[in-house]
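Student: run-v1.cif is the file, holding mmCIF, C-alpha atoms:
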data_input
#
loop_
_atom_site.group_PDB
_atom_site.id
_atom_site.type_symbol
_atom_site.label_atom_id
_atom_site.label_comp_id
_atom_site.auth_asym_id
_atom_site.auth_seq_id
_atom_site.Cartn_x
_atom_site.Cartn_y
_atom_site.Cartn_z
ATOM 1 C CA MET K 1 0.000 0.000 0.000
ATOM 2 C CA GLU K 2 1.340 3.423 -0.960
ATOM 3 C CA PHE K 3 1.611 6.364 1.420
ATOM 4 C CA LYS K 4 -0.645 9.196 0.236
ATOM 5 C CA ASP K 5 0.628 12.774 0.293
ATOM 6 C CA TYR K 6 -2.500 14.669 1.269
ATOM 7 C CA TYR K 7 -0.746 18.034 1.191
ATOM 8 C CA LYS K 8 0.365 17.439 -2.399
ATOM 9 C CA ALA K 9 -3.176 16.368 -3.332
ATOM 10 C CA LEU K 10 -4.462 19.807 -2.302
ATOM 11 C CA GLY K 11 -1.390 21.684 -3.559
ATOM 12 C CA VAL K 12 -0.525 23.199 -0.156
ATOM 13 C CA GLU K 13 2.547 23.162 2.068
ATOM 14 C CA PRO K 14 2.598 21.002 5.251
ATOM 15 C CA GLY K 15 2.460 24.132 7.399
ATOM 16 C CA ALA K 16 -0.546 25.583 5.582
ATOM 17 C CA LYS K 17 -3.199 27.348 7.647
ATOM 18 C CA ASP K 18 -6.728 25.942 7.900
ATOM 19 C CA ALA K 19 -8.102 28.762 5.742
ATOM 20 C CA ASP K 20 -5.569 28.015 2.980
ATOM 21 C CA ILE K 21 -6.450 24.308 3.059
ATOM 22 C CA LYS K 22 -10.157 25.096 2.826
ATOM 23 C CA SER K 23 -9.605 27.532 -0.030
ATOM 24 C CA ALA K 24 -7.470 25.031 -1.961
ATOM 25 C CA TYR K 25 -10.071 22.308 -1.467
ATOM 26 C CA ARG K 26 -12.943 24.446 -2.741
ATOM 27 C CA ARG K 27 -10.978 25.561 -5.798
ATOM 28 C CA LEU K 28 -9.908 22.025 -6.752
ATOM 29 C CA ALA K 29 -13.294 20.468 -5.949
ATOM 30 C CA ARG K 30 -14.976 22.898 -8.323
ATOM 31 C CA LYS K 31 -12.356 22.241 -11.006
ATOM 32 C CA PHE K 32 -12.493 18.429 -10.875
ATOM 33 C CA HIS K 33 -16.143 17.849 -9.981
ATOM 34 C CA PRO K 34 -17.270 14.969 -12.257
ATOM 35 C CA ASP K 35 -20.380 16.875 -13.297
ATOM 36 C CA VAL K 36 -18.399 19.769 -14.757
ATOM 37 C CA SER K 37 -14.834 18.641 -15.501
ATOM 38 C CA LYS K 38 -13.887 17.337 -18.948
ATOM 39 C CA GLU K 39 -10.354 16.360 -17.878
ATOM 40 C CA ALA K 40 -9.286 12.726 -18.002
ATOM 41 C CA GLY K 41 -9.239 11.134 -14.535
ATOM 42 C CA ALA K 42 -11.322 13.929 -13.016
ATOM 43 C CA GLU K 43 -13.438 11.548 -10.923
ATOM 44 C CA GLU K 44 -10.409 9.871 -9.319
ATOM 45 C CA ARG K 45 -8.786 13.252 -8.710
ATOM 46 C CA PHE K 46 -12.011 14.483 -7.122
ATOM 47 C CA LYS K 47 -12.044 11.495 -4.751
ATOM 48 C CA ALA K 48 -8.382 12.093 -3.824
ATOM 49 C CA ILE K 49 -9.098 15.759 -3.108
ATOM 50 C CA ASN K 50 -12.031 14.900 -0.842
ATOM 51 C CA GLU K 51 -10.024 12.279 1.046
ATOM 52 C CA ALA K 52 -7.141 14.690 1.572
ATOM 53 C CA TYR K 53 -9.503 17.375 2.845
ATOM 54 C CA GLU K 54 -11.237 14.919 5.188
ATOM 55 C CA VAL K 55 -7.884 14.437 6.947
ATOM 56 C CA LEU K 56 -6.362 17.921 6.787
ATOM 57 C CA LYS K 57 -9.499 19.822 7.860
ATOM 58 C CA ASP K 58 -9.689 17.796 11.100
ATOM 59 C CA PRO K 59 -7.053 18.834 13.690
ATOM 60 C CA GLU K 60 -6.954 15.354 15.264
ATOM 61 C CA LYS K 61 -6.607 13.475 11.967
ATOM 62 C CA ARG K 62 -4.087 16.003 10.667
ATOM 63 C CA THR K 63 -1.937 15.686 13.796
ATOM 64 C CA ALA K 64 -1.988 11.885 13.559
ATOM 65 C CA TYR K 65 -1.088 12.036 9.854
ATOM 66 C CA ASP K 66 1.741 14.524 10.488
ATOM 67 C CA GLN K 67 3.227 12.192 13.098
ATOM 68 C CA LEU K 68 3.801 9.636 10.340
ATOM 69 C CA ARG K 69 5.359 12.203 8.012
ATOM 70 C CA VAL K 70 7.887 13.185 10.687
ATOM 71 C CA GLY K 71 9.624 9.876 10.034
ATOM 72 C CA GLY K 72 10.504 11.030 6.513
ATOM 73 C CA ILE K 73 8.029 8.909 4.555
ATOM 74 C CA ARG K 74 6.624 10.573 1.449
ATOM 75 C CA GLY K 75 3.914 10.034 -1.120
ATOM 76 C CA GLY K 76 4.241 6.929 -3.276
ATOM 77 C CA GLN K 77 6.475 5.024 -0.853
ATOM 78 C CA GLU K 78 5.421 1.619 0.433
ATOM 79 C CA PHE K 79 3.625 1.995 3.750
ATOM 80 C CA ARG K 80 2.249 -0.014 6.643
ATOM 81 C CA PRO K 81 0.997 1.537 9.897
ATOM 82 C CA PRO K 82 3.671 1.225 12.590
ATOM 83 C CA PRO K 83 3.222 -1.498 15.256
ATOM 84 C CA GLY K 84 0.742 -0.457 17.932
ATOM 85 C CA TRP K 85 -0.684 2.353 15.805
ATOM 86 C CA GLU K 86 -3.989 3.568 17.242
ATOM 87 C CA TYR K 87 -6.000 6.584 16.232
ATOM 88 C CA GLU K 88 -7.930 8.075 19.161
ATOM 89 C CA GLY K 89 -9.992 10.655 17.310
ATOM 90 C CA GLY K 90 -13.757 11.043 17.401
ATOM 91 C CA GLU K 91 -16.217 9.109 15.258
ATOM 92 C CA LEU K 92 -18.366 10.513 12.495
ATOM 93 C CA GLY K 93 -21.371 8.388 11.684
ATOM 94 C CA GLY K 94 -22.520 7.784 8.137
ATOM 95 C CA ASP K 95 -21.456 5.777 5.118
ATOM 96 C CA GLY K 96 -17.707 5.938 5.727
ATOM 97 C CA GLY K 97 -16.991 8.133 2.727
ATOM 98 C CA GLY K 98 -15.684 5.442 0.313
ATOM 99 C CA PHE K 99 -12.083 6.386 1.051
ATOM 100 C CA SER K 100 -8.902 4.474 0.187
ATOM 101 C CA ASP K 101 -7.316 1.510 1.974
ATOM 102 C CA PHE K 102 -4.593 3.913 3.146
ATOM 103 C CA PHE K 103 -7.190 6.092 4.877
ATOM 104 C CA ASP K 104 -8.895 3.053 6.406
ATOM 105 C CA SER K 105 -5.588 1.681 7.703
ATOM 106 C CA LEU K 106 -4.985 4.919 9.606
ATOM 107 C CA PHE K 107 -8.447 5.888 10.778
ATOM 108 C CA GLY K 108 -10.286 2.604 11.151
ATOM 109 C CA GLY K 109 -12.474 2.554 8.062
ATOM 110 C CA ALA K 110 -15.288 4.434 9.800
ATOM 111 C CA ARG K 111 -13.871 7.961 9.554
ATOM 112 C CA GLY K 112 -12.179 7.847 12.880
ATOM 113 C CA ARG K 113 -13.547 4.832 14.798
ATOM 114 C CA PRO K 114 -11.150 3.971 17.650
ATOM 115 C CA GLY K 115 -9.700 0.485 17.566
ATOM 116 C CA ARG K 116 -6.511 -1.536 17.893
ATOM 117 C CA PRO K 117 -4.804 -3.421 15.064
ATOM 118 C CA GLY K 118 -6.337 -6.834 14.583
ATOM 119 C CA ALA K 119 -9.347 -6.166 16.790
ATOM 120 C CA GLY K 120 -12.765 -4.674 16.151
ATOM 121 C CA PRO K 121 -13.980 -1.715 18.187
ATOM 122 C CA ALA K 122 -15.124 -2.680 21.647
ATOM 123 C CA PRO K 123 -18.757 -1.909 22.488
ATOM 124 C CA ARG K 124 -19.104 1.173 24.669
ATOM 125 C CA GLN K 125 -21.952 2.526 26.739
ATOM 126 C CA GLU K 126 -23.574 5.564 25.217
ATOM 127 C CA ARG K 127 -25.719 8.499 26.158
ATOM 128 C CA ARG K 128 -27.648 9.864 23.179
ATOM 129 C CA LEU K 129 -28.738 13.462 22.693
ATOM 130 C CA ARG K 130 -30.241 15.343 19.749
ATOM 131 C CA LEU K 131 -28.145 18.211 18.351
ATOM 132 C CA GLU K 132 -29.967 20.698 16.107
ATOM 133 C CA LEU K 133 -27.820 22.682 13.676
ATOM 134 C CA ASP K 134 -28.394 25.737 11.494
ATOM 135 C CA LEU K 135 -27.890 25.077 7.785
ATOM 136 C CA GLU K 136 -25.141 27.697 7.691
ATOM 137 C CA THR K 137 -23.190 25.703 10.298
ATOM 138 C CA VAL K 138 -23.751 22.488 8.340
ATOM 139 C CA TYR K 139 -22.513 24.152 5.149
ATOM 140 C CA GLU K 140 -19.395 25.753 6.620
ATOM 141 C CA GLY K 141 -18.564 23.270 9.355
ATOM 142 C CA GLY K 142 -16.978 24.656 12.495
ATOM 143 C CA ARG K 143 -17.574 24.413 16.202
ATOM 144 C CA GLN K 144 -20.693 24.667 18.343
ATOM 145 C CA ARG K 145 -21.011 24.873 22.099
ATOM 146 C CA ILE K 146 -23.515 22.754 23.989
ATOM 147 C CA GLU K 147 -24.506 22.693 27.652
ATOM 148 C CA ILE K 148 -24.792 19.318 29.384
ATOM 149 C CA ASP K 149 -24.985 18.590 33.114
ATOM 150 C CA GLY K 150 -23.741 22.089 33.936
ATOM 151 C CA ARG K 151 -20.754 21.728 31.635
ATOM 152 C CA THR K 152 -19.980 23.514 28.378
ATOM 153 C CA LEU K 153 -18.628 21.331 25.594
ATOM 154 C CA GLU K 154 -17.299 22.545 22.251
ATOM 155 C CA VAL K 155 -18.283 20.204 19.425
ATOM 156 C CA LYS K 156 -16.527 20.077 16.053
ATOM 157 C CA ILE K 157 -19.133 20.022 13.265
ATOM 158 C CA PRO K 158 -17.941 18.437 9.992
ATOM 159 C CA ALA K 159 -19.098 20.348 6.907
ATOM 160 C CA GLY K 160 -21.973 18.556 5.168
ATOM 161 C CA ILE K 161 -22.975 16.288 8.052
ATOM 162 C CA LEU K 162 -26.461 14.879 7.404
ATOM 163 C CA PRO K 163 -29.508 14.387 9.631
ATOM 164 C CA GLY K 164 -29.346 11.008 11.323
ATOM 165 C CA GLN K 165 -25.557 10.971 11.383
ATOM 166 C CA SER K 166 -23.903 11.335 14.750
ATOM 167 C CA ILE K 167 -20.848 12.761 16.470
ATOM 168 C CA ARG K 168 -19.279 10.775 19.306
ATOM 169 C CA LEU K 169 -17.604 12.513 22.249
ATOM 170 C CA GLY K 170 -15.661 9.903 24.143
ATOM 171 C CA GLY K 171 -16.317 9.830 27.904
ATOM 172 C CA GLN K 172 -18.423 13.010 27.888
ATOM 173 C CA GLY K 173 -21.795 11.398 28.626
ATOM 174 C CA GLY K 174 -21.256 11.070 32.379
ATOM 175 C CA GLN K 175 -20.639 7.904 34.417
ATOM 176 C CA GLY K 176 -17.947 6.779 31.988
ATOM 177 C CA ARG K 177 -20.281 6.807 28.992
ATOM 178 C CA ASP K 178 -19.653 8.255 25.540
ATOM 179 C CA LEU K 179 -21.896 11.080 24.391
ATOM 180 C CA LEU K 180 -23.483 10.416 21.000
ATOM 181 C CA LEU K 181 -24.953 13.540 19.397
ATOM 182 C CA GLU K 182 -27.576 12.700 16.761
ATOM 183 C CA ILE K 183 -27.793 15.412 14.125
ATOM 184 C CA ALA K 184 -30.956 17.239 13.091
ATOM 185 C CA TYR K 185 -31.442 20.443 11.084
ATOM 186 C CA ARG K 186 -33.290 23.511 12.293
ATOM 187 C CA PRO K 187 -35.930 24.783 9.845
ATOM 188 C CA HIS K 188 -34.566 27.577 7.647
ATOM 189 C CA ALA K 189 -36.425 30.700 6.594
ATOM 190 C CA ARG K 190 -35.325 30.389 2.955
ATOM 191 C CA PHE K 191 -33.958 26.958 2.159
ATOM 192 C CA GLU K 192 -35.417 23.462 2.143
ATOM 193 C CA VAL K 193 -33.133 20.403 2.218
ATOM 194 C CA GLU K 194 -33.462 16.852 0.976
ATOM 195 C CA GLY K 195 -30.270 14.837 1.239
ATOM 196 C CA ARG K 196 -27.565 17.212 0.043
ATOM 197 C CA THR K 197 -29.914 19.065 -2.335
ATOM 198 C CA VAL K 198 -30.969 22.550 -1.242
ATOM 199 C CA THR K 199 -34.134 24.130 -2.693
ATOM 200 C CA LEU K 200 -34.908 27.855 -2.795
ATOM 201 C CA ARG K 201 -38.274 29.296 -3.871
ATOM 202 C CA MET K 202 -37.406 32.423 -5.878
ATOM 203 C CA PRO K 203 -39.997 35.117 -6.607
ATOM 204 C CA VAL K 204 -39.619 36.811 -10.005
ATOM 205 C CA MET K 205 -41.536 39.627 -11.637
ATOM 206 C CA PRO K 206 -43.699 38.893 -14.716
ATOM 207 C CA TRP K 207 -41.429 40.869 -17.060
ATOM 208 C CA GLN K 208 -38.356 39.010 -15.732
ATOM 209 C CA ALA K 209 -40.049 35.689 -16.394
ATOM 210 C CA ALA K 210 -41.303 36.748 -19.834
ATOM 211 C CA LEU K 211 -38.195 38.496 -21.146
ATOM 212 C CA GLY K 212 -35.457 36.723 -19.197
ATOM 213 C CA ALA K 213 -33.118 38.292 -16.669
ATOM 214 C CA THR K 214 -29.980 37.739 -14.647
ATOM 215 C CA LEU K 215 -30.717 37.813 -10.919
ATOM 216 C CA SER K 216 -28.641 37.538 -7.763
ATOM 217 C CA VAL K 217 -29.708 34.351 -5.979
ATOM 218 C CA PRO K 218 -28.877 33.555 -2.339
ATOM 219 C CA THR K 219 -27.061 30.300 -1.594
ATOM 220 C CA LEU K 220 -25.580 28.936 1.618
ATOM 221 C CA GLY K 221 -22.165 29.926 0.279
ATOM 222 C CA GLY K 222 -23.197 33.473 -0.665
ATOM 223 C CA PRO K 223 -25.100 35.098 -3.539
ATOM 224 C CA VAL K 224 -24.490 34.004 -7.149
ATOM 225 C CA ASP K 225 -25.811 35.298 -10.468
ATOM 226 C CA LEU K 226 -28.412 33.116 -12.175
ATOM 227 C CA LYS K 227 -29.746 33.566 -15.707
ATOM 228 C CA ILE K 228 -33.539 33.305 -15.888
ATOM 229 C CA PRO K 229 -34.541 32.073 -19.367
ATOM 230 C CA ALA K 230 -37.148 34.005 -21.294
ATOM 231 C CA GLU K 231 -40.713 32.643 -21.187
ATOM 232 C CA SER K 232 -40.202 31.069 -17.764
ATOM 233 C CA THR K 233 -43.267 30.189 -15.723
ATOM 234 C CA THR K 234 -44.071 29.410 -12.095
ATOM 235 C CA GLY K 235 -42.700 26.008 -11.175
ATOM 236 C CA LYS K 236 -39.680 26.112 -13.512
ATOM 237 C CA ARG K 237 -36.664 24.506 -11.831
ATOM 238 C CA LEU K 238 -33.146 25.848 -12.387
ATOM 239 C CA ARG K 239 -30.073 24.035 -11.051
ATOM 240 C CA LEU K 240 -26.945 25.494 -9.458
ATOM 241 C CA ARG K 241 -24.492 22.600 -9.504
ATOM 242 C CA GLY K 242 -22.392 22.057 -6.398
ATOM 243 C CA ARG K 243 -24.179 24.815 -4.454
ATOM 244 C CA GLY K 244 -25.972 22.463 -2.082
ATOM 245 C CA LEU K 245 -24.451 20.842 0.997
ATOM 246 C CA PRO K 246 -20.790 19.735 0.873
ATOM 247 C CA GLY K 247 -20.085 16.053 0.310
ATOM 248 C CA SER K 248 -18.639 13.532 -2.122
ATOM 249 C CA PRO K 249 -20.000 14.805 -4.400
ATOM 250 C CA ALA K 250 -21.459 18.081 -3.203
ATOM 251 C CA GLY K 251 -25.193 18.568 -3.613
ATOM 252 C CA ASP K 252 -26.883 21.023 -5.963
ATOM 253 C CA GLN K 253 -29.181 23.947 -5.265
ATOM 254 C CA ILE K 254 -32.541 23.950 -7.022
ATOM 255 C CA VAL K 255 -34.107 27.354 -7.688
ATOM 256 C CA LEU K 256 -37.882 27.036 -8.002
ATOM 257 C CA LEU K 257 -39.350 30.052 -9.791
ATOM 258 C CA GLU K 258 -42.558 31.692 -8.572
ATOM 259 C CA VAL K 259 -43.935 34.469 -10.788
ATOM 260 C CA HIS K 260 -45.454 37.234 -8.655
ATOM 261 C CA ALA K 261 -47.538 40.120 -9.950
ATOM 262 C CA PRO K 262 -46.842 43.272 -7.893
ATOM 263 C CA PRO K 263 -49.842 45.300 -6.700
ATOM 264 C CA ALA K 264 -50.666 48.426 -8.718
ATOM 265 C CA ARG K 265 -49.874 51.521 -6.671
ATOM 266 C CA GLY K 266 -51.053 54.715 -8.247
ATOM 267 C CA GLU K 267 -52.865 55.562 -11.442
ATOM 268 C CA ARG K 268 -49.797 55.184 -13.685
ATOM 269 C CA GLN K 269 -49.247 51.565 -12.613
ATOM 270 C CA ARG K 270 -52.954 50.770 -12.976
ATOM 271 C CA GLU K 271 -52.828 52.220 -16.488
ATOM 272 C CA LEU K 272 -49.863 49.974 -17.326
ATOM 273 C CA TYR K 273 -51.877 46.967 -16.181
ATOM 274 C CA ARG K 274 -54.788 48.068 -18.384
ATOM 275 C CA GLU K 275 -52.390 48.321 -21.329
ATOM 276 C CA MET K 276 -51.102 44.827 -20.587
ATOM 277 C CA ALA K 277 -54.666 43.541 -20.362
ATOM 278 C CA ALA K 278 -55.397 44.960 -23.795
ATOM 279 C CA ALA K 279 -52.171 43.630 -25.306
ATOM 280 C CA PHE K 280 -52.663 40.147 -23.814
ATOM 281 C CA SER K 281 -56.343 39.768 -24.502
ATOM 282 C CA GLU K 282 -56.411 35.971 -24.304
ATOM 283 C CA PRO K 283 -56.465 34.666 -20.726
ATOM 284 C CA PRO K 284 -54.005 31.893 -19.785
ATOM 285 C CA SER K 285 -55.226 28.332 -20.147
ATOM 286 C CA PRO K 286 -56.617 26.871 -16.887
#
Here is a file; write its structure as structure tokens.
Tutor:
Amino acid sequence: MEFKDYYKALGVEPGAKDADIKSAYRRLARKFHPDVSKEAGAEERFKAINEAYEVLKDPEKRTAYDQLRVGGIRGGQEFRPPPGWEYEGGELGGDGGGFSDFFDSLFGGARGRPGRPGAGPAPRQERRLRLELDLETVYEGGRQRIEIDGRTLEVKIPAGILPGQSIRLGGQGGQGRDLLLEIAYRPHARFEVEGRTVTLRMPVMPWQAALGATLSVPTLGGPVDLKIPAESTTGKRLRLRGRGLPGSPAGDQIVLLEVHAPPARGERQRELYREMAAAFSEPPSP
């Protein structure tokens, strides 16, 4: 098995700051996303980028990985975990990410499940709590404080974590138990979520729908320009690829158009409506 150089995969130096790693990941993920890239091997490169980011964005995984690099091993060299190797990081529930054998050999095949070589993870007592997250926190990742039994805990939130997945805090559940935080999303004023797909209902004016327009559309990552095709109607769905929740691959954002007629305020606007009524004499089909 070959040692993977995660820093090289993202094109950053080993001492790179978290912000530089995140920026490099976003740039490369957009470039090599299988839905948009025409380059040969884009899908494999996209998987390598996501695996590298999974390790380097997490302080515990990155520290464990850097400990191996201290010994002078580099990408492409034959590798086996050293005797007694054990990763003690936290667990992220879910599908495991489909990462490489190299990743699994270091982090247990379950994105950080503790265990010793040659033995499966021992069963541990758990205390389960529900943790509700804002969509902005889910999109960006980061840290969130929770109060439990008079204590304040700071929880690392992986970007793109889904409802039903969980975060394990070893020994933090009281009486020697682990604390298992089961993820749920808070309702959002603008966005609806299904899986990693985010949906936004976007009001447009009749003339924008009829003639076409370019509008600024909110996304969880900030506003983007979206071209509205001419002769659009209520219910038309437009797709912003990769603008949904992060993941492998990232989800899309669906923009659902809703044509709204503004109220006539003043005689001039009422006259314009009368002119439209005369010009469009045939009513729309029911």
Student: From the set K:Ile254, K:Gly174, K:Glu51, K:Leu215, which residue has the shortest atom-to-atom contact distance to Pro229 (chain K), counting all atoms listed in the file?
Tutor: K:Leu215
Student: Find, counting all atoms listed in the file, the residue in K:Thr152, K:Thr214, K:Glu126, K:Phe99 that gets nearest to Leu181 (chain K).
Tutor: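 Smallest distance to Leu181 (chain K) is found for K:Glu126.
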Student: (-47.5, 42.3, -20.4) in this file's frame - what residues fall within 12 Å of it? Use only C-alpha atoms and give the answer as number ranges by chain.
Tutor: K: 205-211, 231, 261, 271-283
Student: Between K:Val204, K:Gly176, K:Gly242, K:Arg62, single out the one closest to Lys31 (chain K), counting all atoms listed in the file.
Tutor: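 Checking each of K:Val204, K:Gly176, K:Gly242, K:Arg62 against Lys31 (chain K), counting all atoms listed in the file, the winner is K:Gly242.
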Student: What does the distance between CA of Arg143 (chain K) and CA of Thr199 (chain K) come to in Å, to one decimal place?
Tutor: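 So the two atoms, CA of Arg143 (chain K) and CA of Thr199 (chain K), lie 25.1 Å apart.
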Student: Given the file shown, enumerate the residues that the PyMOL selection byres ((chain K and resi 1) around 9) captures and present them as a list of chain:residue names.
Tutor: K:Glu2, K:Phe3, K:Gly76, K:Gln77, K:Glu78, K:Phe79, K:Arg80, K:Asp101, K:Phe102
Student: Taking the file above as input, evaluate the PyMOL selection byres ((chain K and resi 188) around 12) and report the hits as a PDB file with C-alpha atoms, in the coordinates of the input.
Tutor:
ATOM      1  CA  GLU K 132     -29.967  20.698  16.107  1.00  0.00           C
ATOM      2  CA  LEU K 133     -27.820  22.682  13.676  1.00  0.00           C
ATOM      3  CA  ASP K 134     -28.394  25.737  11.494  1.00  0.00           C
ATOM      4  CA  LEU K 135     -27.890  25.077   7.785  1.00  0.00           C
ATOM      5  CA  GLU K 136     -25.141  27.697   7.691  1.00  0.00           C
ATOM      6  CA  THR K 137     -23.190  25.703  10.298  1.00  0.00           C
ATOM      7  CA  VAL K 138     -23.751  22.488   8.340  1.00  0.00           C
ATOM      8  CA  TYR K 185     -31.442  20.443  11.084  1.00  0.00           C
ATOM      9  CA  ARG K 186     -33.290  23.511  12.293  1.00  0.00           C
ATOM     10  CA  PRO K 187     -35.930  24.783   9.845  1.00  0.00           C
ATOM     11  CA  ALA K 189     -36.425  30.700   6.594  1.00  0.00           C
ATOM     12  CA  ARG K 190     -35.325  30.389   2.955  1.00  0.00           C
ATOM     13  CA  PHE K 191     -33.958  26.958   2.159  1.00  0.00           C
ATOM     14  CA  GLU K 192     -35.417  23.462   2.143  1.00  0.00           C
ATOM     15  CA  VAL K 193     -33.133  20.403   2.218  1.00  0.00           C
ATOM     16  CA  VAL K 198     -30.969  22.550  -1.242  1.00  0.00           C
ATOM     17  CA  THR K 199     -34.134  24.130  -2.693  1.00  0.00           C
ATOM     18  CA  LEU K 200     -34.908  27.855  -2.795  1.00  0.00           C
ATOM     19  CA  LEU K 220     -25.580  28.936   1.618  1.00  0.00           C
TER      20      LEU K 220
END
Student: Kindly give the distance, in Å, that separates CA of Gly247 (chain K) and CA of Leu68 (chain K), rounded to a single decimal.
Tutor: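 Atom-to-atom, CA of Gly247 (chain K) to CA of Leu68 (chain K), that is 26.7 Å.
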Student: Using only C-alpha atoms - which residues lie no farther than 10 Å from the point (-29.4, 32.9, -1.4) in the file's frame? Write them as JSON, numbers by chain.
Tutor: {"K": [190, 191, 200, 201, 202, 216, 217, 218, 219, 220, 221, 222, 223, 224, 253, 255]}
Student: Can you tell me how far CA of Asp178 (chain K) sits from CA of Lys61 (chain K), in Å to one decimal?
Tutor: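 Between CA of Asp178 (chain K) and CA of Lys61 (chain K) the gap is 19.5 Å.
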Student: Starting from the PyMOL selection byres ((chain K and resi 236) around 9), expand the selection into actual residues of this file and give them as a tab-separated table (two decimals) with C-alpha atoms, in the coordinates of the input.
Tutor:
chain	number	residue	atom	x	y	z
K	232	SER	CA	-40.20	31.07	-17.76
K	233	THR	CA	-43.27	30.19	-15.72
K	234	THR	CA	-44.07	29.41	-12.10
K	235	GLY	CA	-42.70	26.01	-11.18
K	237	ARG	CA	-36.66	24.51	-11.83
K	238	LEU	CA	-33.15	25.85	-12.39
K	255	VAL	CA	-34.11	27.35	-7.69
K	256	LEU	CA	-37.88	27.04	-8.00
K	257	LEU	CA	-39.35	30.05	-9.79
K	258	GLU	CA	-42.56	31.69	-8.57
Student: Identify, on the basis of all atoms listed in the file, every residue whose closest approach to Arg241 (chain K) does not exceed 10 Å; exclude the query and any residue fewer than 5 positions from it along the same chain; express the result as a ChimeraX atom specification.
Tutor: /K:30,33,35-36,197,250-254
Student: Need to verify the contact set: Glu54 (chain K), 12 Å, all atoms listed in the file, exclusion of same-chain residues closer than 2 positions in sequence. Can you return it as a PDB file with C-alpha atoms, in the frame of the given file?
Tutor:
ATOM      1  CA  TYR K   6      -2.500  14.669   1.269  1.00  0.00           C
ATOM      2  CA  TYR K   7      -0.746  18.034   1.191  1.00  0.00           C
ATOM      3  CA  ALA K   9      -3.176  16.368  -3.332  1.00  0.00           C
ATOM      4  CA  LEU K  10      -4.462  19.807  -2.302  1.00  0.00           C
ATOM      5  CA  ILE K  21      -6.450  24.308   3.059  1.00  0.00           C
ATOM      6  CA  LYS K  22     -10.157  25.096   2.826  1.00  0.00           C
ATOM      7  CA  TYR K  25     -10.071  22.308  -1.467  1.00  0.00           C
ATOM      8  CA  LYS K  47     -12.044  11.495  -4.751  1.00  0.00           C
ATOM      9  CA  ALA K  48      -8.382  12.093  -3.824  1.00  0.00           C
ATOM     10  CA  ILE K  49      -9.098  15.759  -3.108  1.00  0.00           C
ATOM     11  CA  ASN K  50     -12.031  14.900  -0.842  1.00  0.00           C
ATOM     12  CA  GLU K  51     -10.024  12.279   1.046  1.00  0.00           C
ATOM     13  CA  ALA K  52      -7.141  14.690   1.572  1.00  0.00           C
ATOM     14  CA  LEU K  56      -6.362  17.921   6.787  1.00  0.00           C
ATOM     15  CA  LYS K  57      -9.499  19.822   7.860  1.00  0.00           C
ATOM     16  CA  ASP K  58      -9.689  17.796  11.100  1.00  0.00           C
ATOM     17  CA  PRO K  59      -7.053  18.834  13.690  1.00  0.00           C
ATOM     18  CA  GLU K  60      -6.954  15.354  15.264  1.00  0.00           C
ATOM     19  CA  LYS K  61      -6.607  13.475  11.967  1.00  0.00           C
ATOM     20  CA  ARG K  62      -4.087  16.003  10.667  1.00  0.00           C
ATOM     21  CA  TYR K  65      -1.088  12.036   9.854  1.00  0.00           C
ATOM     22  CA  LEU K  92     -18.366  10.513  12.495  1.00  0.00           C
ATOM     23  CA  GLY K  96     -17.707   5.938   5.727  1.00  0.00           C
ATOM     24  CA  GLY K  97     -16.991   8.133   2.727  1.00  0.00           C
ATOM     25  CA  GLY K  98     -15.684   5.442   0.313  1.00  0.00           C
ATOM     26  CA  PHE K  99     -12.083   6.386   1.051  1.00  0.00           C
ATOM     27  CA  SER K 100      -8.902   4.474   0.187  1.00  0.00           C
ATOM     28  CA  PHE K 103      -7.190   6.092   4.877  1.00  0.00           C
ATOM     29  CA  PHE K 107      -8.447   5.888  10.778  1.00  0.00           C
ATOM     30  CA  ARG K 111     -13.871   7.961   9.554  1.00  0.00           C
ATOM     31  CA  GLY K 112     -12.179   7.847  12.880  1.00  0.00           C
ATOM     32  CA  GLY K 141     -18.564  23.270   9.355  1.00  0.00           C
ATOM     33  CA  PRO K 158     -17.941  18.437   9.992  1.00  0.00           C
ATOM     34  CA  ALA K 159     -19.098  20.348   6.907  1.00  0.00           C
ATOM     35  CA  GLY K 160     -21.973  18.556   5.168  1.00  0.00           C
ATOM     36  CA  PRO K 246     -20.790  19.735   0.873  1.00  0.00           C
ATOM     37  CA  GLY K 247     -20.085  16.053   0.310  1.00  0.00           C
ATOM     38  CA  SER K 248     -18.639  13.532  -2.122  1.00  0.00           C
TER      39      SER K 248
END
Student: Find the residue from K:Arg168, K:Leu28, K:Arg196, K:Leu153 that sits nearest to Val12 (chain K); use only C-alpha atoms when measuring.
Tutor: K:Leu28
Student: Extract, using only C-alpha atoms, all DNA, RNA and protein residues at most 8 Å from Gly170 (chain K), discarding same-chain residues fewer than 3 positions from it, and format them as a count of residues only.
Tutor: 5
